[in-house]
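The structure under discussion appears below in the form of structure tokens.
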Amino acid sequence: MQIVFRAHEIIEAHIVAGMLQAHDIAAHVGGHYLQGAVGDIGTMGFANVFVADEDMPRAEQLLKDYQAAEIVEPTAADWDETGLQGAK
């Protein structure tokens, strides 16, 4: 296994791992216990996402797309009166 992504915090690592898993790439998040032991240690590179060697090229491309994505903030028109997005 190789590190495909070094997250700033453990939550970001899980988001990335979930994205990879949604694309049928087995991903493992490491650094849970290290972050808890020292506090906000994610910025020190301990929250990492690992994938198998053979999945690296595909995972790296998905991460390039993820990092290049534009963040779009939802507007009031995107929510209905129940608070559900897109349920009009």
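Ordered as shown in the structure tokens, chains take letters A, B, and onward, while each chain numbers its residues from 1 and ligands are numbered from 1 in the order shown.
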Neighbours of Gly18 of chain A within 12 Å (only C-alpha atoms; same-chain residues fewer than 2 positions away dropped), as a ChimeraX atom specification?
-> /A:11-16,20-29,49-51,59,62-63
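Interatomic distance, atom CA of Ala47 of chain A to atom CA of Pro74 of chain A: 28.5 Å.
If you measure from each of A:Met1, A:Met19, A:Ile71, A:Ala7 to Gly31 of chain A using only C-alpha atoms, the closest one turns out to be A:Ala7.
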